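File shown: model07.cif (mmCIF, C-alpha atoms, pLDDT in the B column; chains and numbers go by the auth columns).
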data_start
#
loop_
_atom_site.group_PDB
_atom_site.id
_atom_site.type_symbol
_atom_site.label_atom_id
_atom_site.label_comp_id
_atom_site.label_asym_id
_atom_site.label_seq_id
_atom_site.Cartn_x
_atom_site.Cartn_y
_atom_site.Cartn_z
_atom_site.B_iso_or_equiv
_atom_site.auth_seq_id
_atom_site.auth_asym_id
ATOM 1 C CA MET A 1 22.667 145.904 33.340 67.00 1 A
ATOM 2 C CA THR A 2 25.420 146.874 35.762 70.00 2 A
ATOM 3 C CA ALA A 3 23.030 148.947 37.880 70.00 3 A
ATOM 4 C CA TRP A 4 20.512 146.108 37.943 65.00 4 A
ATOM 5 C CA ALA A 5 23.208 143.571 38.891 66.00 5 A
ATOM 6 C CA ALA A 6 24.333 145.896 41.700 70.00 6 A
ATOM 7 C CA GLY A 7 20.772 146.134 43.027 73.00 7 A
ATOM 8 C CA LYS A 8 20.398 149.820 42.108 71.00 8 A
ATOM 9 C CA PHE A 9 17.962 149.451 39.196 82.00 9 A
ATOM 10 C CA VAL A 10 15.096 147.879 41.108 89.00 10 A
ATOM 11 C CA ALA A 11 11.434 148.783 41.528 89.00 11 A
ATOM 12 C CA ASP A 12 12.033 150.007 45.092 89.00 12 A
ATOM 13 C CA ALA A 13 14.479 152.609 43.751 89.00 13 A
ATOM 14 C CA ILE A 14 12.862 153.472 40.413 90.00 14 A
ATOM 15 C CA ALA A 15 9.296 154.070 41.629 93.00 15 A
ATOM 16 C CA PRO A 16 10.191 156.681 44.287 93.00 16 A
ATOM 17 C CA PHE A 17 12.325 158.509 41.724 92.00 17 A
ATOM 18 C CA VAL A 18 9.451 158.621 39.237 93.00 18 A
ATOM 19 C CA LYS A 19 7.082 159.901 41.929 93.00 19 A
ATOM 20 C CA LYS A 20 9.442 162.563 43.304 95.00 20 A
ATOM 21 C CA SER A 21 10.842 163.784 39.982 95.00 21 A
ATOM 22 C CA GLY A 22 7.561 165.121 38.608 93.00 22 A
ATOM 23 C CA ILE A 23 7.934 163.157 35.385 92.00 23 A
ATOM 24 C CA ALA A 24 4.193 162.402 35.323 91.00 24 A
ATOM 25 C CA GLU A 25 3.421 166.094 34.816 92.00 25 A
ATOM 26 C CA LYS A 26 6.046 166.505 32.079 93.00 26 A
ATOM 27 C CA VAL A 27 4.976 163.745 29.687 91.00 27 A
ATOM 28 C CA ASN A 28 1.776 163.148 27.747 89.00 28 A
ATOM 29 C CA HIS A 29 1.781 159.402 28.441 89.00 29 A
ATOM 30 C CA HIS A 30 2.495 157.159 31.400 93.00 30 A
ATOM 31 C CA ASN A 31 4.743 154.556 29.802 92.00 31 A
ATOM 32 C CA ILE A 32 8.077 153.415 31.144 91.00 32 A
ATOM 33 C CA ILE A 33 10.390 151.279 29.051 90.00 33 A
ATOM 34 C CA ILE A 34 12.833 149.186 31.037 89.00 34 A
ATOM 35 C CA PRO A 35 15.774 147.198 29.650 88.00 35 A
ATOM 36 C CA GLY A 36 15.111 143.601 28.664 90.00 36 A
ATOM 37 C CA TYR A 37 17.651 142.336 31.171 86.00 37 A
ATOM 38 C CA ALA A 38 15.643 143.967 33.968 87.00 38 A
ATOM 39 C CA ALA A 39 12.317 142.471 32.842 90.00 39 A
ATOM 40 C CA GLN A 40 11.729 140.861 36.251 90.00 40 A
ATOM 41 C CA GLU A 41 11.356 144.362 37.736 91.00 41 A
ATOM 42 C CA SER A 42 8.217 145.021 35.654 93.00 42 A
ATOM 43 C CA GLY A 43 5.865 143.389 38.163 94.00 43 A
ATOM 44 C CA GLY A 44 7.234 145.397 41.059 94.00 44 A
ATOM 45 C CA LEU A 45 7.021 148.607 39.056 94.00 45 A
ATOM 46 C CA GLU A 46 3.406 147.909 38.102 95.00 46 A
ATOM 47 C CA GLU A 47 2.589 147.555 41.809 95.00 47 A
ATOM 48 C CA GLU A 48 4.566 150.642 42.837 95.00 48 A
ATOM 49 C CA LEU A 49 3.352 152.842 39.965 95.00 49 A
ATOM 50 C CA PRO A 50 -0.360 152.251 39.412 95.00 50 A
ATOM 51 C CA GLY A 51 -1.609 153.884 36.257 93.00 51 A
ATOM 52 C CA TRP A 52 1.737 153.509 34.495 95.00 52 A
ATOM 53 C CA LYS A 53 2.319 151.025 31.675 94.00 53 A
ATOM 54 C CA ILE A 54 5.615 149.207 32.146 94.00 54 A
ATOM 55 C CA GLU A 55 7.083 147.914 28.904 91.00 55 A
ATOM 56 C CA VAL A 56 10.122 145.717 28.457 92.00 56 A
ATOM 57 C CA GLY A 57 12.476 147.008 25.794 91.00 57 A
ATOM 58 C CA PRO A 58 15.406 145.370 24.052 93.00 58 A
ATOM 59 C CA ARG A 59 18.164 143.684 26.001 89.00 59 A
ATOM 60 C CA GLU A 60 20.987 145.411 24.157 84.00 60 A
ATOM 61 C CA ALA A 61 21.389 149.193 23.999 80.00 61 A
ATOM 62 C CA THR A 62 22.342 148.977 20.330 87.00 62 A
ATOM 63 C CA HIS A 63 18.777 147.845 19.580 92.00 63 A
ATOM 64 C CA ILE A 64 17.124 150.892 21.192 87.00 64 A
ATOM 65 C CA PRO A 65 16.917 153.048 17.997 91.00 65 A
ATOM 66 C CA ALA A 66 15.105 150.292 16.061 93.00 66 A
ATOM 67 C CA TYR A 67 12.832 149.612 19.030 91.00 67 A
ATOM 68 C CA LEU A 68 11.853 153.273 19.377 89.00 68 A
ATOM 69 C CA LYS A 69 11.084 153.565 15.654 92.00 69 A
ATOM 70 C CA THR A 70 8.372 150.942 16.069 90.00 70 A
ATOM 71 C CA TRP A 71 7.281 151.911 19.592 83.00 71 A
ATOM 72 C CA LYS A 72 3.861 153.444 20.083 78.00 72 A
ATOM 73 C CA PRO A 73 2.707 154.577 23.535 72.00 73 A
ATOM 74 C CA LYS A 74 -0.288 152.601 24.751 66.00 74 A
#
Encoding of this model in structure tokens:
Amino acid sequence: MTAWAAGKFVADAIAPFVKKSGIAEKVNHHNIIIPGYAAQESGGLEEELPGWKIEVGPREATHIPAYLKTWKPK
């Protein structure tokens, strides 16, 4: 949440990182889970990363383990 509030966790920063890092070749799915507090970035990410599924996860980090137990890549 701090990075998002500081303007560092935004689609214009995340998308180039995903493209340059080679993540697409290292995973067997194209799903990105973003924090619930950064949900408004999902539209920008969908535009910047065509072919990727952007999912909004829980707002609080303490809820990540429960979320991942029920998460299924689409």
Residues matched by the PyMOL selection byres ((chain A and resi 63-74) around 9), written as a list in words: His29, His30, Asn31, Lys53, Gly57, Pro58, Arg59, Glu60, Ala61 and Thr62 of chain A
Pick from A:Asn28, A:Ala39, A:Gly44, A:Pro50 nearest to Ala13 of chain A, counting only C-alpha atoms: A:Gly44
Point-to-point distance from atom CA of Gly43 of chain A to atom CA of Lys8 of chain A, Å rounded to tenths: 16.4 Å
Contacts of Ile54 of chain A within 8 Å, only C-alpha atoms, excl. fewer than 6 positions in-chain, as a list in words: Asn31, Ile32, Ile33, Ile34, Ser42, Leu45 and Glu46 of chain A
Write out as AutoDock Vina command-line options an axis-aligned box for segment 26-33 of chain A: all of its atoms listed in the file, 5 Å added on each side, centre and edge lengths in Å with one decimal.
--center_x 6.1 --center_y 158.9 --center_z 29.9 --size_x 18.6 --size_y 25.2 --size_z 14.3
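The gap separating atom CA of Leu49 of chain A from atom CA of Val10 of chain A is 12.8 Å, in Å to one decimal.
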Separation of atom CA of Ala3 of chain A from atom CA of Lys26 of chain A in Å: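 Computing it gives 25.1 Å between the two atoms.
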Top pick for closest residue to Gln40 of chain A, considering A:Val27, A:Thr2, A:Val56, A:Lys20 and counting only C-alpha atoms: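 Checking each of A:Val27, A:Thr2, A:Val56, A:Lys20 against Gln40 of chain A, counting only C-alpha atoms, the winner is A:Val56.
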Neighbour list for Pro16 of chain A as a PyMOL selection string, cut-off 10 Å, all atoms listed in the file, skip fewer than 5 positions in-chain: chain A and resi 11+21+48-49
